[in-house]
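As stored in input.pdb (PDB, C-alpha atoms, pLDDT in the B column):
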```
MODEL        1
ATOM      1  CA  MET A   1     -17.744  29.764   5.271  1.00 91.00           C
ATOM      2  CA  LYS A   2     -18.135  30.798   1.640  1.00 94.00           C
ATOM      3  CA  LEU A   3     -15.267  31.738  -0.684  1.00 92.00           C
ATOM      4  CA  ASP A   4     -16.531  35.314  -0.979  1.00 91.00           C
ATOM      5  CA  GLU A   5     -16.121  35.690   2.822  1.00 91.00           C
ATOM      6  CA  LEU A   6     -12.335  35.147   2.786  1.00 91.00           C
ATOM      7  CA  LYS A   7     -10.408  38.277   3.712  1.00 91.00           C
ATOM      8  CA  LEU A   8      -7.565  39.707   1.653  1.00 91.00           C
ATOM      9  CA  GLY A   9      -4.479  37.480   2.042  1.00 90.00           C
ATOM     10  CA  GLN A  10      -6.426  34.698   3.780  1.00 93.00           C
ATOM     11  CA  THR A  11      -6.176  31.110   2.538  1.00 94.00           C
ATOM     12  CA  GLY A  12      -8.705  28.315   2.580  1.00 93.00           C
ATOM     13  CA  LYS A  13      -9.369  24.820   1.341  1.00 95.00           C
ATOM     14  CA  ILE A  14     -12.369  24.168  -0.893  1.00 94.00           C
ATOM     15  CA  LEU A  15     -14.872  21.818   0.724  1.00 94.00           C
ATOM     16  CA  LYS A  16     -17.768  21.860  -1.754  1.00 92.00           C
ATOM     17  CA  VAL A  17     -18.662  23.512  -5.058  1.00 91.00           C
ATOM     18  CA  GLY A  18     -22.316  24.440  -5.345  1.00 88.00           C
ATOM     19  CA  GLY A  19     -24.303  25.860  -8.217  1.00 81.00           C
ATOM     20  CA  GLU A  20     -26.191  23.972 -10.859  1.00 85.00           C
ATOM     21  CA  GLY A  21     -25.666  22.819 -14.415  1.00 86.00           C
ATOM     22  CA  GLU A  22     -23.268  24.774 -16.590  1.00 91.00           C
ATOM     23  CA  LEU A  23     -22.136  27.096 -13.799  1.00 89.00           C
ATOM     24  CA  ARG A  24     -21.007  24.211 -11.576  1.00 89.00           C
ATOM     25  CA  CYS A  25     -19.228  22.514 -14.506  1.00 91.00           C
ATOM     26  CA  ARG A  26     -17.484  25.781 -15.410  1.00 90.00           C
ATOM     27  CA  LEU A  27     -16.270  26.293 -11.828  1.00 89.00           C
ATOM     28  CA  LEU A  28     -14.940  22.733 -11.685  1.00 90.00           C
ATOM     29  CA  ASP A  29     -13.250  23.128 -15.091  1.00 90.00           C
ATOM     30  CA  MET A  30     -11.436  26.234 -13.791  1.00 90.00           C
ATOM     31  CA  GLY A  31      -9.827  24.101 -11.078  1.00 89.00           C
ATOM     32  CA  LEU A  32     -12.175  24.920  -8.204  1.00 92.00           C
ATOM     33  CA  ILE A  33     -12.472  21.376  -6.934  1.00 92.00           C
ATOM     34  CA  PRO A  34     -12.683  20.067  -3.355  1.00 93.00           C
ATOM     35  CA  LYS A  35      -9.415  19.922  -1.356  1.00 93.00           C
ATOM     36  CA  THR A  36      -7.833  22.679  -3.503  1.00 92.00           C
ATOM     37  CA  GLU A  37      -5.998  25.402  -1.577  1.00 94.00           C
ATOM     38  CA  VAL A  38      -7.013  28.972  -2.522  1.00 95.00           C
ATOM     39  CA  LYS A  39      -5.766  32.405  -1.442  1.00 94.00           C
ATOM     40  CA  MET A  40      -7.640  35.707  -1.708  1.00 94.00           C
ATOM     41  CA  VAL A  41      -5.316  38.016  -3.657  1.00 94.00           C
ATOM     42  CA  LYS A  42      -7.393  41.061  -4.654  1.00 93.00           C
ATOM     43  CA  ILE A  43     -10.857  42.441  -4.031  1.00 92.00           C
ATOM     44  CA  ALA A  44     -12.282  45.233  -6.197  1.00 91.00           C
ATOM     45  CA  PRO A  45     -13.266  48.448  -4.376  1.00 89.00           C
ATOM     46  CA  MET A  46     -16.970  47.579  -4.484  1.00 85.00           C
ATOM     47  CA  GLY A  47     -16.246  43.930  -3.562  1.00 80.00           C
ATOM     48  CA  ASP A  48     -16.927  42.519  -7.029  1.00 87.00           C
ATOM     49  CA  PRO A  49     -15.041  40.894  -8.723  1.00 92.00           C
ATOM     50  CA  MET A  50     -12.419  39.197  -6.583  1.00 94.00           C
ATOM     51  CA  GLU A  51      -9.158  37.529  -7.553  1.00 95.00           C
ATOM     52  CA  ILE A  52      -7.958  34.277  -6.007  1.00 94.00           C
ATOM     53  CA  ARG A  53      -4.761  32.271  -6.475  1.00 95.00           C
ATOM     54  CA  LEU A  54      -5.000  28.520  -6.901  1.00 93.00           C
ATOM     55  CA  ARG A  55      -2.932  25.827  -8.595  1.00 89.00           C
ATOM     56  CA  GLY A  56      -0.265  28.371  -9.596  1.00 91.00           C
ATOM     57  CA  TYR A  57      -2.500  30.893 -11.379  1.00 92.00           C
ATOM     58  CA  GLU A  58      -4.824  33.798 -10.587  1.00 94.00           C
ATOM     59  CA  LEU A  59      -8.544  33.514 -11.252  1.00 93.00           C
ATOM     60  CA  THR A  60     -11.077  36.339 -11.168  1.00 94.00           C
ATOM     61  CA  LEU A  61     -14.588  35.462  -9.996  1.00 93.00           C
ATOM     62  CA  ARG A  62     -17.797  37.362  -9.485  1.00 92.00           C
ATOM     63  CA  LYS A  63     -18.875  37.572  -5.859  1.00 91.00           C
ATOM     64  CA  GLU A  64     -22.135  35.820  -6.777  1.00 91.00           C
ATOM     65  CA  ASP A  65     -20.202  32.783  -8.098  1.00 91.00           C
ATOM     66  CA  ALA A  66     -17.727  32.748  -5.193  1.00 91.00           C
ATOM     67  CA  ALA A  67     -20.683  32.602  -2.769  1.00 92.00           C
ATOM     68  CA  LYS A  68     -21.536  29.138  -4.116  1.00 92.00           C
ATOM     69  CA  ILE A  69     -18.206  27.634  -2.980  1.00 93.00           C
ATOM     70  CA  ASP A  70     -17.753  26.373   0.596  1.00 94.00           C
ATOM     71  CA  VAL A  71     -14.245  26.769   2.039  1.00 95.00           C
ATOM     72  CA  GLU A  72     -12.516  25.997   5.306  1.00 94.00           C
ATOM     73  CA  PRO A  73     -10.072  28.731   6.394  1.00 92.00           C
ATOM     74  CA  THR A  74      -6.503  27.472   6.833  1.00 88.00           C
ATOM     75  CA  GLU A  75      -3.534  28.851   8.709  1.00 73.00           C
ATOM     76  CA  GLU A  76      -1.175  31.026   6.660  1.00 59.00           C
ATOM     77  CA  GLN A  77       2.315  29.499   6.498  1.00 50.00           C
ATOM     78  CA  ALA A  78       5.156  31.895   7.377  1.00 43.00           C
TER      79      ALA A  78
ENDMDL
END
```
Taking this structure as input, can you express it in the form of structure tokens?
Amino acid sequence: MKLDELKLGQTGKILKVGGEGELRCRLLDMGLIPKTEVKMVKIAPMGDPMEIRLRGYELTLRKEDAAKIDVEPTEEQA
């Protein structure tokens, strides 16, 4: 599943960061690295951009960039 497919409030663990060149480096620099837990916090009305929470901060991504990140959905802890 891709990061842009997570539903509002759903969490996942990053498996792989795709993209090429500067885009991939930028995503990795923002903390989007494998094994990182992410949570979908907000989605704009038209679906772009989306806001995720990871490593204690919120990050806004374009849907096009989020589609390059593979995630594995995880169970939400109560």
Taking the file as shown, find all residues satisfying the PyMOL selection byres ((chain A and resi 66) around 12) and write them as a ChimeraX atom specification. /A:1-6,14,16-19,23-24,27,32,38,40,43,47-52,59-65,67-71
Looking at all atoms listed in the file, which of A:Ala44, A:Leu15, A:Arg53, A:Pro73 is the one that sits closest to A:Met30? A:Arg53
Taking only C-alpha atoms into account, which of A:Lys39, A:Leu28, A:Leu54, A:Pro34 comes nearest A:Leu8?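 Going through A:Lys39, A:Leu28, A:Leu54, A:Pro34 one by one, the smallest distance to A:Leu8 is for A:Lys39.
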As an exercise, work out the distance from atom CA of A:Thr36 to atom CA of A:Gly56 in Å and give it to one decimal place.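 Pair atom CA of A:Thr36 / atom CA of A:Gly56 returns 11.3 Å.
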Computed interatomic separation between atom CA of A:Glu58 and atom CA of A:Lys42 (Å):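 According to the coordinates, atom CA of A:Glu58 and atom CA of A:Lys42 are separated by 9.7 Å.
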What is the distance, in Å and to one decimal place, between atom CA of A:Cys25 and atom CA of A:Gly12?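 Value for the atom CA of A:Cys25-atom CA of A:Gly12 distance: 20.9 Å.
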With 4 Å added on each side, what axis-aligned box encloses every listed atom of stretch 7-19 of chain A? Give the centre and edge lengths in Å to one decimal, as JSON.
```
{"center_x": -14.4, "center_y": 30.8, "center_z": -2.2, "size_x": 27.8, "size_y": 25.9, "size_z": 20.0}
```
Kindly output stretch 20-51 of chain A as an mmCIF file, in the frame of the given file, after building N, CA and C atoms.
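Written out: part08.cif:
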```
data_model
loop_
_atom_site.group_PDB
_atom_site.id
_atom_site.type_symbol
_atom_site.label_atom_id
_atom_site.label_comp_id
_atom_site.auth_asym_id
_atom_site.auth_seq_id
_atom_site.Cartn_x
_atom_site.Cartn_y
_atom_site.Cartn_z
ATOM 1 N N GLU A 20 -25.510 25.006 -10.087
ATOM 2 C CA GLU A 20 -26.191 23.972 -10.859
ATOM 3 C C GLU A 20 -25.782 24.032 -12.315
ATOM 4 N N GLY A 21 -25.855 22.904 -12.975
ATOM 5 C CA GLY A 21 -25.666 22.819 -14.415
ATOM 6 C C GLY A 21 -24.348 23.366 -14.920
ATOM 7 N N GLU A 22 -24.456 24.245 -15.927
ATOM 8 C CA GLU A 22 -23.268 24.774 -16.590
ATOM 9 C C GLU A 22 -22.368 25.565 -15.656
ATOM 10 N N LEU A 23 -22.952 26.310 -14.727
ATOM 11 C CA LEU A 23 -22.136 27.096 -13.799
ATOM 12 C C LEU A 23 -21.239 26.182 -12.972
ATOM 13 N N ARG A 24 -21.797 25.132 -12.400
ATOM 14 C CA ARG A 24 -21.007 24.211 -11.576
ATOM 15 C C ARG A 24 -19.903 23.565 -12.414
ATOM 16 N N CYS A 25 -20.230 23.136 -13.620
ATOM 17 C CA CYS A 25 -19.228 22.514 -14.506
ATOM 18 C C CYS A 25 -18.115 23.505 -14.832
ATOM 19 N N ARG A 26 -18.479 24.759 -15.082
ATOM 20 C CA ARG A 26 -17.484 25.781 -15.410
ATOM 21 C C ARG A 26 -16.547 26.022 -14.225
ATOM 22 N N LEU A 27 -17.101 26.098 -13.013
ATOM 23 C CA LEU A 27 -16.270 26.293 -11.828
ATOM 24 C C LEU A 27 -15.303 25.127 -11.635
ATOM 25 N N LEU A 28 -15.796 23.908 -11.814
ATOM 26 C CA LEU A 28 -14.940 22.733 -11.685
ATOM 27 C C LEU A 28 -13.861 22.718 -12.763
ATOM 28 N N ASP A 29 -14.218 23.090 -13.996
ATOM 29 C CA ASP A 29 -13.250 23.128 -15.091
ATOM 30 C C ASP A 29 -12.138 24.140 -14.844
ATOM 31 N N MET A 30 -12.443 25.209 -14.094
ATOM 32 C CA MET A 30 -11.436 26.234 -13.791
ATOM 33 C C MET A 30 -10.514 25.805 -12.648
ATOM 34 N N GLY A 31 -10.709 24.601 -12.128
ATOM 35 C CA GLY A 31 -9.827 24.101 -11.078
ATOM 36 C C GLY A 31 -10.359 24.256 -9.672
ATOM 37 N N LEU A 32 -11.569 24.743 -9.527
ATOM 38 C CA LEU A 32 -12.175 24.920 -8.204
ATOM 39 C C LEU A 32 -12.811 23.606 -7.772
ATOM 40 N N ILE A 33 -11.981 22.683 -7.353
ATOM 41 C CA ILE A 33 -12.472 21.376 -6.934
ATOM 42 C C ILE A 33 -12.156 21.166 -5.453
ATOM 43 N N PRO A 34 -12.925 20.303 -4.777
ATOM 44 C CA PRO A 34 -12.683 20.067 -3.355
ATOM 45 C C PRO A 34 -11.230 19.693 -3.050
ATOM 46 N N LYS A 35 -10.762 20.134 -1.892
ATOM 47 C CA LYS A 35 -9.415 19.922 -1.356
ATOM 48 C C LYS A 35 -8.367 20.827 -1.992
ATOM 49 N N THR A 36 -8.771 21.738 -2.888
ATOM 50 C CA THR A 36 -7.833 22.679 -3.503
ATOM 51 C C THR A 36 -7.619 23.864 -2.571
ATOM 52 N N GLU A 37 -6.370 24.260 -2.405
ATOM 53 C CA GLU A 37 -5.998 25.402 -1.577
ATOM 54 C C GLU A 37 -6.168 26.678 -2.401
ATOM 55 N N VAL A 38 -6.820 27.689 -1.840
ATOM 56 C CA VAL A 38 -7.013 28.972 -2.522
ATOM 57 C C VAL A 38 -6.580 30.110 -1.608
ATOM 58 N N LYS A 39 -6.158 31.222 -2.210
ATOM 59 C CA LYS A 39 -5.766 32.405 -1.442
ATOM 60 C C LYS A 39 -6.429 33.631 -2.068
ATOM 61 N N MET A 40 -7.021 34.473 -1.236
ATOM 62 C CA MET A 40 -7.640 35.707 -1.708
ATOM 63 C C MET A 40 -6.532 36.720 -1.985
ATOM 64 N N VAL A 41 -6.408 37.136 -3.241
ATOM 65 C CA VAL A 41 -5.316 38.016 -3.657
ATOM 66 C C VAL A 41 -5.768 39.465 -3.786
ATOM 67 N N LYS A 42 -6.903 39.698 -4.447
ATOM 68 C CA LYS A 42 -7.393 41.061 -4.654
ATOM 69 C C LYS A 42 -8.911 41.087 -4.542
ATOM 70 N N ILE A 43 -9.410 42.217 -4.072
ATOM 71 C CA ILE A 43 -10.857 42.441 -4.031
ATOM 72 C C ILE A 43 -11.099 43.835 -4.606
ATOM 73 N N ALA A 44 -11.970 43.937 -5.585
ATOM 74 C CA ALA A 44 -12.282 45.233 -6.197
ATOM 75 C C ALA A 44 -12.879 46.171 -5.146
ATOM 76 N N PRO A 45 -12.768 47.472 -5.360
ATOM 77 C CA PRO A 45 -13.266 48.448 -4.376
ATOM 78 C C PRO A 45 -14.717 48.229 -3.943
ATOM 79 N N MET A 46 -15.574 47.815 -4.839
ATOM 80 C CA MET A 46 -16.970 47.579 -4.484
ATOM 81 C C MET A 46 -17.208 46.112 -4.082
ATOM 82 N N GLY A 47 -16.125 45.318 -3.996
ATOM 83 C CA GLY A 47 -16.246 43.930 -3.562
ATOM 84 C C GLY A 47 -16.502 42.936 -4.678
ATOM 85 N N ASP A 48 -16.613 43.413 -5.910
ATOM 86 C CA ASP A 48 -16.927 42.519 -7.029
ATOM 87 C C ASP A 48 -16.247 43.037 -8.281
ATOM 88 N N PRO A 49 -15.394 42.295 -8.952
ATOM 89 C CA PRO A 49 -15.041 40.894 -8.723
ATOM 90 C C PRO A 49 -13.917 40.749 -7.700
ATOM 91 N N MET A 50 -13.529 39.501 -7.482
ATOM 92 C CA MET A 50 -12.419 39.197 -6.583
ATOM 93 C C MET A 50 -11.447 38.265 -7.296
ATOM 94 N N GLU A 51 -10.181 38.355 -6.920
ATOM 95 C CA GLU A 51 -9.158 37.529 -7.553
ATOM 96 C C GLU A 51 -8.575 36.571 -6.521
#
```
